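Notes to accompany the following structure.
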Amino acid sequence: MSGRHLLVAAEAAVLAGCVLLALVVIVIKVVRGQRQRRHEAALRPIRPALIEVASGEDEDGSARRALTATTGATRVAVDEGVADFLGKVRGGPADQLVEILRSHGALREAVRLLRHRSPVRRTRAALLLGLSRDRGGVPGLVEALDDHSAEVRSAAAHGLGLIGDDGSAPALLGAIAGPGGGIPAGVAAGALLELGVGIAPALREALASTDSRTRAVAAHVAGVGSFRSLLPLLRDLLAGDEDLTVREASAEAIGAMGEARDVDVLTRHTNPGEPTPLRRLCATALGRLGEPAAVPTLEQLARDPDPRLAELAATALVGLGPEGRAALAGLADTPGGATALTLARLQGALA
Amino acid sequence: MSWAAMLDALRVGLTWVMDVTSVPVIAYFLVINTSYLVLITLAALEFRSYLRQRDSAVRSLGGELTPGVSLVVPAYNEEAVIVTAVKAMLTLRYPQHEVVVVDDGSGDATFARLQEAFDLVELPRQVPADIPVRARVLGVHVPRDGRTRLQVVRKENSGRSEAINLGINAASEPLVAMIDADSILEPDALLHVAKPFADDPTRMVATGGTIRPVNGSRVVAGRLVDLQMPRGWLGRIQVVEYLRAFLLGRSGWSRMGGLILISGAFGLFRRDVVVEVGGLDPESIGEDFELVMRIHRRMRDERRDYRVQFVPEPVSWTEVPSTLGVLRNQRRRWHRGLWETLWAYRGMLFRPRYGRVGWVALPYYWLFELFAPLLELFGLIVVPLALILDVISVPFALLFLALAYGYAVLVALAAMSVEEWAFHRYDRWRDLALGVLSAVLENIGYRQLTVWWRLQGWWASLRNKKQVWGVMTRTGFDEGVG
């Protein structure tokens, strides 16, 4: 084949590719429009009944019966509509919606679909099981935390949080550092906070994990959930963790639920040798502790050469009662103190 | 020597040049466009994963571990847009964010407009010097209501990079977003761009958001309400260009773990990391690129486990140049910034310590971003010359050009297909048709002009010519009544 023939062949291939791609753009748009119209058409006749059940106005149960009795494509539309509403409603109406799914066999099917080869199906199944808040879905969802597809793992974690079974806490914490990137830390933290107080032992174990993301999540959850029994471990992490984010999360947690003795703990980490972000965070945490014993430390920090630290320390004094406010008044000649006073007055915290 | 003899000698020389370079040049064209296709394929995989996660992720957006964000907005003579922009930013959906406007010594009423709109009062606040800033700070102002999370920092004029550095110093949240005053943000922009930080709080150091052209669209009260293709071909071609190079190119690099460029118009960074590396370099022309490179180098030098990620969801809309003059200045500046940054970080090339950045991303940028206009100019000179001198026939020349540009059209159409599948932001058939047409027209004139401008920028840098930023003349949006 000559050079010219090669060029012509390549040109023809490129041209064909261009035409094909232009057609792809058109087909994608047409198919999406058709699918949307079909979905809306299927949903239109059942929407009033769905709204009636979801809003709790189906007193005689007729709307629920009508939705339960659907078949074929309409039943699929009902199940999709119910799943949409389940993300928005709670209580009795949610229970009734779940009952419709159960009567359609959709929850049983969802458990089965968790093993489907399509990750899209598995993700949807995990979400549906979570939204239904059916404890029967827990084993499947725990297993799905190790799914090779990230979106399935994420949906399973989210679903476990919605169901709220504290027995799934170790699996959730273990999955943060799981294979393939594990589960997103934020999703894990959100789910764990839905599981109640029974997760303390799992959190204790996670605070000693070798994975920094797991420790950061556990420290955050411990603080937000006020797991005071974990304070000793949090103090250790603040003092010596190799990861700054973990130390910061621990400082925040201590500030949120610490005791009088934590004034000393946090004060130690406002020393000039500590990383600047940690010093600033500990100053704020000292204010959050609400212990008047923190006043001398904060007063001293309000004169620190770091203007941000000085301002944060002065601002923290506002929340420490009369002693804190008296100390702040004495700092009016410093930029940090003057700024904190001005802001407190603008916010109405001080007269 | 007679004319005929001179022409013969030229013909012989040209034939020799073509013989020697034809195979490398064709190979270069094939490899560069194929690399685009590879990046688009990687981007498509990234989008597929992103879209699958979106259903479940939306419910967790702004949830636990979502860090606070300071939006740093450098403003120089932005009196026309600043109040609308700040109001739009303050009303973004996000659990905890503040806006820090740095008035970079504006000569117009930028500060007066803000003062009037937000009833600003001066604070005796000292801005920390976490990042060294040479310019003098003139004052810090906050709204009198004590609730609106806005700071306005005034300083002497010293340029955008210094303004951003000062804004980072003034920022009080753990993440900082650098945003231009004229950027139009989606209401959920911050939620999407900050999500990777909540997903991976110990490793994520920077994320880049997708920027798209907004020319011709309807904007109300700083919000995009009706997206349309720009009215002129210059803008339309840039829409396709942004899709191919920015959205898909960067998504592909992100998937590969080699993202080295986050646009200065919308980037989100861990504040402590930016402070650690010294902030933006005020002397750099490609300061956004330079910052990301410095972060990569620092993290790799210290063997830290870190991530830089691109978020494909369209989050920020910007007005792109609508005149050739403004476009020329922009492209000269971009290419100059590219060259200066690549040269500054040449020590990272092919060093095992720098992983994919040193072995894949940087060599790619050298070969296919920096040298591309040089190779293209070579082709633009040699092929017509060969045609005139009868070294090649007209059909052969046309075939050659059609193949080179046809492949570029193919890549642009692939980018459009992926966009239509994943985000489908252009509703109208007309806009899609204009996009397809722009993918073709881009190769007739536009591409050749940008090649020339990019080389001018490079050449200016090599001659140490002072960079003039020029003025971005904005035609404004079709701004309805908010």
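Residues are named by chain letter and number: chains run A, B, ... in the order of the structure tokens, numbers start at 1 in each chain, and ligands are numbered from 1 in the order shown.
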Skipping near chain neighbours, those fewer than 6 positions away, what residues fall within 9 Å of Arg297 (chain B) using only C-alpha atoms, listed as a ChimeraX atom specification? /B:345,348,354
Keeping N, CA and C atoms for every residue in the selection just given, could you write it to a file as a PDB file, in the first residue's frame?
```pdb
ATOM      1  N   TYR B 345      10.572  23.875  36.960  1.00  0.00           N
ATOM      2  CA  TYR B 345      10.451  22.553  37.615  1.00  0.00           C
ATOM      3  C   TYR B 345      11.047  21.434  36.750  1.00  0.00           C
ATOM      4  N   MET B 348      12.259  18.069  38.142  1.00  0.00           N
ATOM      5  CA  MET B 348      11.365  16.969  38.560  1.00  0.00           C
ATOM      6  C   MET B 348      11.206  15.914  37.463  1.00  0.00           C
ATOM      7  N   TYR B 354       9.311  11.637  42.020  1.00  0.00           N
ATOM      8  CA  TYR B 354       8.122  12.420  41.666  1.00  0.00           C
ATOM      9  C   TYR B 354       7.038  11.602  40.961  1.00  0.00           C
TER      10      TYR B 354
END
```
Got a sec to tell me which of region 150-198 of chain B DSSP assigns to strand (DSSP E or B), as a short mmCIF file (atom, residue, chain, number, x, y, z; two decimals) with C-alpha atoms, in the first residue's frame?
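This went into part.cif:
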```cif
data_model
loop_
_atom_site.label_atom_id
_atom_site.label_comp_id
_atom_site.auth_asym_id
_atom_site.auth_seq_id
_atom_site.Cartn_x
_atom_site.Cartn_y
_atom_site.Cartn_z
CA LEU B 150 -17.58 38.83 54.90
CA GLN B 151 -14.19 40.46 55.33
CA VAL B 152 -12.96 43.20 53.05
CA VAL B 153 -9.22 43.71 53.22
CA ARG B 154 -7.79 46.81 51.54
CA LYS B 155 -4.20 46.96 50.40
CA LEU B 175 -9.83 25.45 53.12
CA VAL B 176 -9.30 28.40 50.79
CA ALA B 177 -10.89 28.82 47.39
CA MET B 178 -9.40 31.30 44.96
CA ILE B 179 -12.17 32.81 42.91
CA ILE B 184 -20.44 32.76 38.26
CA LEU B 185 -20.69 29.88 40.71
#
```
Output as a ChimeraX atom specification the set of chain B residues within 8 Å of chain A, with distances taken over only C-alpha atoms. /B:49,52-53,56-57,60,63-66,123-128,144-147,198-202,272,396,399-400,402-403,406-407,409-410,413-414,416-417,420-421,436
Would you save the residues of that selection, restricted to N, CA and C atoms, as a compact mmCIF listing (two decimals), in the first residue's frame?
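Dumped to result_14.txt:
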```txt
# COMPACT_ATOMS: atom_id res chain seq x y z
N SER B 49 -17.89 6.76 37.04
CA SER B 49 -17.82 6.51 38.47
C SER B 49 -18.45 7.67 39.24
N ARG B 52 -22.29 7.59 38.98
CA ARG B 52 -22.88 6.52 39.79
C ARG B 52 -22.91 6.91 41.26
N GLN B 53 -21.85 7.62 41.68
CA GLN B 53 -21.78 8.00 43.09
C GLN B 53 -22.70 9.17 43.40
N SER B 56 -25.98 8.69 45.51
CA SER B 56 -25.83 8.49 46.95
C SER B 56 -25.03 9.61 47.59
N ALA B 57 -24.11 10.21 46.81
CA ALA B 57 -23.25 11.23 47.39
C ALA B 57 -24.01 12.52 47.68
N SER B 60 -25.00 13.05 51.05
CA SER B 60 -23.96 13.27 52.06
C SER B 60 -23.19 14.57 51.82
N GLY B 63 -22.11 17.09 54.61
CA GLY B 63 -22.32 16.33 55.85
C GLY B 63 -21.09 16.38 56.75
N GLU B 64 -20.93 15.30 57.52
CA GLU B 64 -19.82 15.24 58.46
C GLU B 64 -18.47 15.40 57.77
N LEU B 65 -17.55 16.00 58.49
CA LEU B 65 -16.17 16.20 58.06
C LEU B 65 -16.03 17.19 56.90
N THR B 66 -17.12 17.89 56.55
CA THR B 66 -17.00 18.90 55.50
C THR B 66 -16.32 20.13 56.11
N LEU B 123 -12.24 47.15 61.38
CA LEU B 123 -11.80 46.39 62.56
C LEU B 123 -10.34 46.72 62.82
N PRO B 124 -9.93 46.69 64.10
CA PRO B 124 -8.50 46.89 64.37
C PRO B 124 -7.68 45.62 64.13
N ARG B 125 -8.24 44.70 63.33
CA ARG B 125 -7.62 43.38 63.12
C ARG B 125 -6.26 43.48 62.43
N GLN B 126 -5.31 42.71 62.94
CA GLN B 126 -4.01 42.56 62.27
C GLN B 126 -4.09 41.29 61.43
N VAL B 127 -3.78 41.42 60.16
CA VAL B 127 -3.80 40.22 59.31
C VAL B 127 -2.51 39.45 59.55
N PRO B 128 -2.61 38.13 59.84
CA PRO B 128 -1.38 37.36 60.06
C PRO B 128 -0.47 37.38 58.83
N ARG B 144 -21.56 45.57 59.55
CA ARG B 144 -21.96 46.02 60.88
C ARG B 144 -22.91 45.03 61.56
N ASP B 145 -23.63 44.22 60.76
CA ASP B 145 -24.62 43.33 61.38
C ASP B 145 -23.96 42.22 62.23
N GLY B 146 -22.65 42.05 62.09
CA GLY B 146 -21.95 41.06 62.92
C GLY B 146 -22.24 39.61 62.55
N ARG B 147 -23.10 39.39 61.58
CA ARG B 147 -23.45 38.01 61.21
C ARG B 147 -22.94 37.62 59.83
N ALA B 198 -13.80 16.00 52.39
CA ALA B 198 -14.55 15.26 53.42
C ALA B 198 -14.34 13.76 53.24
N ASP B 199 -14.18 13.33 51.99
CA ASP B 199 -13.98 11.90 51.72
C ASP B 199 -12.61 11.43 52.20
N ASP B 200 -11.64 12.29 52.06
CA ASP B 200 -10.26 11.88 52.37
C ASP B 200 -9.55 13.01 53.11
N PRO B 201 -9.94 13.27 54.36
CA PRO B 201 -9.47 14.49 55.05
C PRO B 201 -7.98 14.52 55.35
N THR B 202 -7.36 13.37 55.45
CA THR B 202 -5.94 13.39 55.81
C THR B 202 -5.02 13.53 54.60
N ASP B 272 -3.41 25.31 55.25
CA ASP B 272 -2.10 25.09 55.89
C ASP B 272 -1.04 24.65 54.87
N PHE B 396 -2.47 15.64 -2.32
CA PHE B 396 -1.71 15.07 -1.20
C PHE B 396 -1.72 16.05 -0.01
N LEU B 399 -5.09 16.12 1.57
CA LEU B 399 -5.29 14.89 2.35
C LEU B 399 -4.55 14.96 3.68
N PHE B 400 -3.31 15.47 3.59
CA PHE B 400 -2.49 15.55 4.79
C PHE B 400 -3.13 16.48 5.82
N ALA B 402 -6.24 17.49 5.90
CA ALA B 402 -7.55 16.96 6.33
C ALA B 402 -7.38 15.90 7.40
N LEU B 403 -6.33 15.10 7.26
CA LEU B 403 -6.10 14.06 8.27
C LEU B 403 -5.71 14.68 9.61
N GLY B 406 -8.68 16.63 10.76
CA GLY B 406 -9.81 15.71 10.95
C GLY B 406 -9.70 14.98 12.28
N TYR B 407 -8.48 14.60 12.62
CA TYR B 407 -8.26 13.90 13.88
C TYR B 407 -8.58 14.85 15.05
N VAL B 409 -10.76 17.25 14.96
CA VAL B 409 -12.24 17.35 15.01
C VAL B 409 -12.79 16.12 15.73
N LEU B 410 -12.21 14.98 15.41
CA LEU B 410 -12.65 13.72 16.04
C LEU B 410 -12.52 13.81 17.57
N LEU B 413 -15.14 16.14 18.95
CA LEU B 413 -16.48 15.51 18.96
C LEU B 413 -16.58 14.44 20.06
N ALA B 414 -15.47 13.75 20.29
CA ALA B 414 -15.47 12.77 21.39
C ALA B 414 -15.72 13.48 22.71
N MET B 416 -17.33 16.26 23.10
CA MET B 416 -18.74 16.69 23.14
C MET B 416 -19.67 15.51 23.48
N SER B 417 -19.36 14.35 22.93
CA SER B 417 -20.19 13.16 23.20
C SER B 417 -20.16 12.84 24.70
N GLU B 420 -22.17 15.37 26.61
CA GLU B 420 -23.62 15.19 26.41
C GLU B 420 -24.12 13.99 27.23
N TRP B 421 -23.30 12.97 27.31
CA TRP B 421 -23.69 11.78 28.07
C TRP B 421 -23.67 12.06 29.57
N VAL B 436 -20.97 21.30 17.47
CA VAL B 436 -20.37 20.40 16.46
C VAL B 436 -19.69 21.22 15.36
```
Name the closest residue to Gly13 (chain B) among the candidates B:Leu455, B:Ala43, B:Leu389, B:Val101; distances are taken between atoms, counting only C-alpha atoms.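 Answer, going by the shortest atom-to-atom distance: B:Leu389.
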Give me the residues within 12 Å of region 376-387 of chain B as a PDB file with C-alpha atoms, in the first residue's frame, counting only C-alpha atoms and dropping any in the same chain fewer than 5 places off.
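For reference, selection_17.pdb as written:
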```
ATOM      1  CA  LEU B   7      14.049  27.451  -6.784  1.00  0.00           C
ATOM      2  CA  ASP B   8      15.604  24.098  -7.606  1.00  0.00           C
ATOM      3  CA  LEU B  10      15.008  25.316  -2.423  1.00  0.00           C
ATOM      4  CA  ARG B  11      13.022  22.406  -3.777  1.00  0.00           C
ATOM      5  CA  VAL B  12      15.850  19.985  -3.032  1.00  0.00           C
ATOM      6  CA  GLY B  13      16.261  21.405   0.438  1.00  0.00           C
ATOM      7  CA  LEU B  14      12.564  21.224   1.142  1.00  0.00           C
ATOM      8  CA  THR B  15      12.345  17.685  -0.165  1.00  0.00           C
ATOM      9  CA  TRP B  16      15.152  16.726   2.154  1.00  0.00           C
ATOM     10  CA  VAL B  17      13.463  18.443   5.116  1.00  0.00           C
ATOM     11  CA  MET B  18      10.205  16.679   4.335  1.00  0.00           C
ATOM     12  CA  ASP B  19      11.887  13.327   3.935  1.00  0.00           C
ATOM     13  CA  THR B  21      10.680  15.109   9.210  1.00  0.00           C
ATOM     14  CA  SER B  22       7.571  13.609   7.620  1.00  0.00           C
ATOM     15  CA  PRO B  24       8.310  12.174  13.032  1.00  0.00           C
ATOM     16  CA  VAL B  25       5.732  14.895  12.312  1.00  0.00           C
ATOM     17  CA  ILE B  26       3.000  12.429  11.401  1.00  0.00           C
ATOM     18  CA  TYR B  28       3.725  13.431  16.597  1.00  0.00           C
ATOM     19  CA  PHE B  29       0.253  14.326  15.269  1.00  0.00           C
ATOM     20  CA  ILE B  32      -0.769  13.931  20.473  1.00  0.00           C
ATOM     21  CA  PHE B 368       2.438  18.080  23.778  1.00  0.00           C
ATOM     22  CA  GLU B 369       1.583  21.404  25.399  1.00  0.00           C
ATOM     23  CA  LEU B 370       4.780  23.419  25.153  1.00  0.00           C
ATOM     24  CA  PHE B 371       6.199  22.183  21.833  1.00  0.00           C
ATOM     25  CA  ILE B 392       3.868  17.753  -3.138  1.00  0.00           C
ATOM     26  CA  SER B 393       0.651  17.691  -5.109  1.00  0.00           C
ATOM     27  CA  VAL B 394      -2.493  19.585  -4.142  1.00  0.00           C
ATOM     28  CA  PRO B 395      -4.509  16.411  -3.405  1.00  0.00           C
ATOM     29  CA  PHE B 396      -1.715  15.075  -1.197  1.00  0.00           C
ATOM     30  CA  ALA B 397      -1.455  18.368   0.728  1.00  0.00           C
ATOM     31  CA  LEU B 398      -5.214  18.487   1.196  1.00  0.00           C
ATOM     32  CA  LEU B 399      -5.290  14.888   2.349  1.00  0.00           C
ATOM     33  CA  PHE B 400      -2.491  15.555   4.791  1.00  0.00           C
ATOM     34  CA  LEU B 401      -4.158  18.647   6.261  1.00  0.00           C
ATOM     35  CA  ALA B 404      -4.297  16.267  10.771  1.00  0.00           C
ATOM     36  CA  TYR B 405      -7.288  18.501  11.392  1.00  0.00           C
ATOM     37  CA  ASN B 443      -9.340  24.351  12.738  1.00  0.00           C
ATOM     38  CA  GLY B 445      -8.018  30.183  11.407  1.00  0.00           C
ATOM     39  CA  ARG B 447      -6.111  27.200  15.734  1.00  0.00           C
ATOM     40  CA  GLN B 448      -3.440  28.803  13.573  1.00  0.00           C
ATOM     41  CA  LEU B 449      -3.820  32.155  15.328  1.00  0.00           C
ATOM     42  CA  THR B 450      -3.472  30.610  18.780  1.00  0.00           C
ATOM     43  CA  VAL B 451      -0.380  28.746  17.591  1.00  0.00           C
ATOM     44  CA  TRP B 452       1.189  32.052  16.630  1.00  0.00           C
ATOM     45  CA  TRP B 453       0.199  33.802  19.863  1.00  0.00           C
ATOM     46  CA  ARG B 454       1.461  30.981  22.014  1.00  0.00           C
ATOM     47  CA  LEU B 455       4.819  31.140  20.276  1.00  0.00           C
ATOM     48  CA  GLN B 456       4.890  34.896  20.783  1.00  0.00           C
TER      49      GLN B 456
END
```
Selection near region 423-427 of chain B, 12 Å with only C-alpha atoms, sequence-local residues under 2 positions removed, as an mmCIF file with N, CA and C atoms, in the first residue's frame:
```cif
data_model
loop_
_atom_site.group_PDB
_atom_site.id
_atom_site.type_symbol
_atom_site.label_atom_id
_atom_site.label_comp_id
_atom_site.auth_asym_id
_atom_site.auth_seq_id
_atom_site.Cartn_x
_atom_site.Cartn_y
_atom_site.Cartn_z
ATOM 1 N N VAL A 25 -23.821 11.872 19.709
ATOM 2 C CA VAL A 25 -24.352 13.039 20.440
ATOM 3 C C VAL A 25 -25.870 13.100 20.256
ATOM 4 N N ILE A 26 -26.302 12.908 19.011
ATOM 5 C CA ILE A 26 -27.743 13.003 18.719
ATOM 6 C C ILE A 26 -28.503 11.876 19.422
ATOM 7 N N ILE A 28 -27.685 10.078 22.021
ATOM 8 C CA ILE A 28 -27.711 10.228 23.491
ATOM 9 C C ILE A 28 -28.820 11.182 23.890
ATOM 10 N N LYS A 29 -28.908 12.291 23.171
ATOM 11 C CA LYS A 29 -29.912 13.305 23.527
ATOM 12 C C LYS A 29 -31.331 12.772 23.309
ATOM 13 N N VAL A 30 -31.531 12.106 22.174
ATOM 14 C CA VAL A 30 -32.872 11.584 21.861
ATOM 15 C C VAL A 30 -33.280 10.524 22.888
ATOM 16 N N ARG A 32 -32.203 10.007 25.907
ATOM 17 C CA ARG A 32 -32.441 10.553 27.244
ATOM 18 C C ARG A 32 -33.828 11.208 27.318
ATOM 19 N N GLY A 33 -34.156 11.971 26.268
ATOM 20 C CA GLY A 33 -35.466 12.637 26.237
ATOM 21 C C GLY A 33 -36.597 11.620 26.275
ATOM 22 N N ALA B 44 -13.912 9.687 30.696
ATOM 23 C CA ALA B 44 -15.225 9.031 30.614
ATOM 24 C C ALA B 44 -15.379 8.017 31.753
ATOM 25 N N PHE B 47 -16.006 9.973 34.838
ATOM 26 C CA PHE B 47 -17.379 10.496 34.877
ATOM 27 C C PHE B 47 -18.357 9.383 35.247
ATOM 28 N N ARG B 48 -18.122 8.192 34.686
ATOM 29 C CA ARG B 48 -19.033 7.074 34.951
ATOM 30 C C ARG B 48 -19.073 6.791 36.455
ATOM 31 N N TYR B 50 -18.171 8.888 38.779
ATOM 32 C CA TYR B 50 -18.689 10.080 39.456
ATOM 33 C C TYR B 50 -20.222 10.109 39.410
ATOM 34 N N LEU B 51 -20.769 9.785 38.237
ATOM 35 C CA LEU B 51 -22.233 9.841 38.086
ATOM 36 C C LEU B 51 -22.909 8.758 38.919
ATOM 37 N N ARG B 54 -23.044 9.934 42.351
ATOM 38 C CA ARG B 54 -23.762 11.184 42.604
ATOM 39 C C ARG B 54 -25.074 10.954 43.336
ATOM 40 N N THR B 210 -14.477 22.573 37.660
ATOM 41 C CA THR B 210 -14.614 22.761 36.220
ATOM 42 C C THR B 210 -15.090 24.173 35.907
ATOM 43 N N ARG B 212 -16.396 26.755 32.846
ATOM 44 C CA ARG B 212 -16.930 26.751 31.487
ATOM 45 C C ARG B 212 -17.276 28.181 31.067
ATOM 46 N N PRO B 213 -17.255 28.433 29.769
ATOM 47 C CA PRO B 213 -17.589 29.776 29.290
ATOM 48 C C PRO B 213 -19.071 30.095 29.485
ATOM 49 N N VAL B 214 -19.346 31.340 29.846
ATOM 50 C CA VAL B 214 -20.727 31.741 30.140
ATOM 51 C C VAL B 214 -21.243 32.767 29.117
ATOM 52 N N SER B 217 -24.992 33.602 27.801
ATOM 53 C CA SER B 217 -25.998 32.999 28.678
ATOM 54 C C SER B 217 -26.676 34.074 29.524
ATOM 55 N N LEU B 224 -26.300 31.760 37.130
ATOM 56 C CA LEU B 224 -26.581 31.364 35.755
ATOM 57 C C LEU B 224 -27.980 30.746 35.701
ATOM 58 N N VAL B 225 -28.880 31.344 34.911
ATOM 59 C CA VAL B 225 -30.245 30.803 34.869
ATOM 60 C C VAL B 225 -30.589 30.191 33.509
ATOM 61 N N ASP B 226 -29.884 30.575 32.467
ATOM 62 C CA ASP B 226 -30.195 30.010 31.152
ATOM 63 C C ASP B 226 -28.903 29.907 30.351
ATOM 64 N N LEU B 227 -28.391 28.678 30.268
ATOM 65 C CA LEU B 227 -27.123 28.474 29.562
ATOM 66 C C LEU B 227 -27.361 28.396 28.060
ATOM 67 N N GLN B 228 -26.607 29.193 27.336
ATOM 68 C CA GLN B 228 -26.696 29.164 25.874
ATOM 69 C C GLN B 228 -25.290 29.252 25.293
ATOM 70 N N MET B 229 -25.186 28.844 24.030
ATOM 71 C CA MET B 229 -23.912 28.999 23.340
ATOM 72 C C MET B 229 -23.645 30.497 23.140
ATOM 73 N N PRO B 230 -22.366 30.905 23.209
ATOM 74 C CA PRO B 230 -22.058 32.322 22.945
ATOM 75 C C PRO B 230 -22.553 32.754 21.563
ATOM 76 N N VAL B 239 -15.831 27.294 23.845
ATOM 77 C CA VAL B 239 -16.650 26.331 24.596
ATOM 78 C C VAL B 239 -16.139 24.917 24.326
ATOM 79 N N LEU B 243 -14.113 22.358 26.865
ATOM 80 C CA LEU B 243 -14.600 20.990 27.092
ATOM 81 C C LEU B 243 -13.480 19.984 26.917
ATOM 82 N N LEU B 247 -12.136 20.332 30.871
ATOM 83 C CA LEU B 247 -13.000 19.359 31.545
ATOM 84 C C LEU B 247 -12.468 17.937 31.371
ATOM 85 N N LEU B 248 -12.268 17.558 30.095
ATOM 86 C CA LEU B 248 -11.895 16.169 29.851
ATOM 87 C C LEU B 248 -10.408 15.921 30.092
ATOM 88 N N PRO B 312 -15.334 17.016 38.137
ATOM 89 C CA PRO B 312 -15.873 17.283 36.794
ATOM 90 C C PRO B 312 -17.198 18.035 36.772
ATOM 91 N N GLU B 313 -17.948 17.997 37.852
ATOM 92 C CA GLU B 313 -19.244 18.683 37.879
ATOM 93 C C GLU B 313 -19.046 20.159 37.525
ATOM 94 N N PRO B 314 -19.831 20.686 36.584
ATOM 95 C CA PRO B 314 -19.645 22.107 36.247
ATOM 96 C C PRO B 314 -19.961 22.985 37.454
ATOM 97 N N VAL B 315 -19.000 23.750 37.904
ATOM 98 C CA VAL B 315 -19.206 24.530 39.132
ATOM 99 C C VAL B 315 -19.012 26.026 38.937
ATOM 100 N N ALA B 415 -15.085 14.641 22.862
ATOM 101 C CA ALA B 415 -15.279 15.421 24.089
ATOM 102 C C ALA B 415 -16.743 15.844 24.223
ATOM 103 N N MET B 416 -17.334 16.262 23.100
ATOM 104 C CA MET B 416 -18.740 16.687 23.144
ATOM 105 C C MET B 416 -19.665 15.513 23.477
ATOM 106 N N SER B 417 -19.356 14.346 22.929
ATOM 107 C CA SER B 417 -20.195 13.160 23.204
ATOM 108 C C SER B 417 -20.160 12.840 24.697
ATOM 109 N N VAL B 418 -18.947 12.874 25.255
ATOM 110 C CA VAL B 418 -18.826 12.546 26.677
ATOM 111 C C VAL B 418 -19.582 13.572 27.523
ATOM 112 N N GLU B 419 -19.487 14.845 27.140
ATOM 113 C CA GLU B 419 -20.200 15.892 27.887
ATOM 114 C C GLU B 419 -21.701 15.679 27.810
ATOM 115 N N GLU B 420 -22.172 15.367 26.607
ATOM 116 C CA GLU B 420 -23.618 15.193 26.414
ATOM 117 C C GLU B 420 -24.123 13.990 27.229
ATOM 118 N N TRP B 421 -23.304 12.973 27.307
ATOM 119 C CA TRP B 421 -23.690 11.780 28.072
ATOM 120 C C TRP B 421 -23.673 12.064 29.571
ATOM 121 N N TRP B 429 -31.134 21.937 20.820
ATOM 122 C CA TRP B 429 -30.524 21.272 19.669
ATOM 123 C C TRP B 429 -29.599 22.236 18.934
ATOM 124 N N ARG B 430 -30.050 23.501 18.893
ATOM 125 C CA ARG B 430 -29.278 24.509 18.175
ATOM 126 C C ARG B 430 -27.881 24.649 18.800
ATOM 127 N N ASP B 431 -27.826 24.653 20.112
ATOM 128 C CA ASP B 431 -26.534 24.794 20.786
ATOM 129 C C ASP B 431 -25.616 23.606 20.495
ATOM 130 N N LEU B 432 -26.233 22.414 20.458
ATOM 131 C CA LEU B 432 -25.428 21.224 20.138
ATOM 132 C C LEU B 432 -24.872 21.312 18.724
ATOM 133 N N ALA B 433 -25.745 21.754 17.805
ATOM 134 C CA ALA B 433 -25.312 21.868 16.407
ATOM 135 C C ALA B 433 -24.181 22.888 16.292
ATOM 136 N N LEU B 434 -24.325 23.990 17.028
ATOM 137 C CA LEU B 434 -23.274 25.015 16.986
ATOM 138 C C LEU B 434 -21.971 24.465 17.568
ATOM 139 N N GLY B 435 -22.093 23.628 18.571
ATOM 140 C CA GLY B 435 -20.905 23.016 19.165
ATOM 141 C C GLY B 435 -20.186 22.128 18.161
#
```
What is the distance between CA of Met89 (chain B) and CA of Thr284 (chain A), in Å to one decimal?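 That distance, rounded to one decimal, is 26.1 Å.
For the residues A:Leu289, A:Pro232, A:Gly136, A:Thr270, ranking by smallest atom-to-atom distance to Gly258 (chain A) using only C-alpha atoms places A:Leu289 first.
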Please measure the separation of CA of Pro201 (chain A) and CA of Asp134 (chain A), giving the value in Å to one decimal. 24.1 Å
For CA of Gln309 (chain B) and CA of Glu283 (chain B), the interatomic separation in Å (one decimal):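 Between CA of Gln309 (chain B) and CA of Glu283 (chain B) the gap is 25.9 Å.
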Applying 9 Å and only C-alpha atoms, which residues near Asp130 (chain B) remain after dropping the ones on its own chain fewer than 3 positions away? List them as a PyMOL selection string. (chain A and resi 306) or (chain B and resi 127+133+165-166+168-169+275-276+278)
Residue contacts of Gly161 (chain A) (7 Å, only C-alpha atoms) excluding same-chain residues fewer than 5 positions away, as a PyMOL selection string: chain A and resi 191-192+194-195
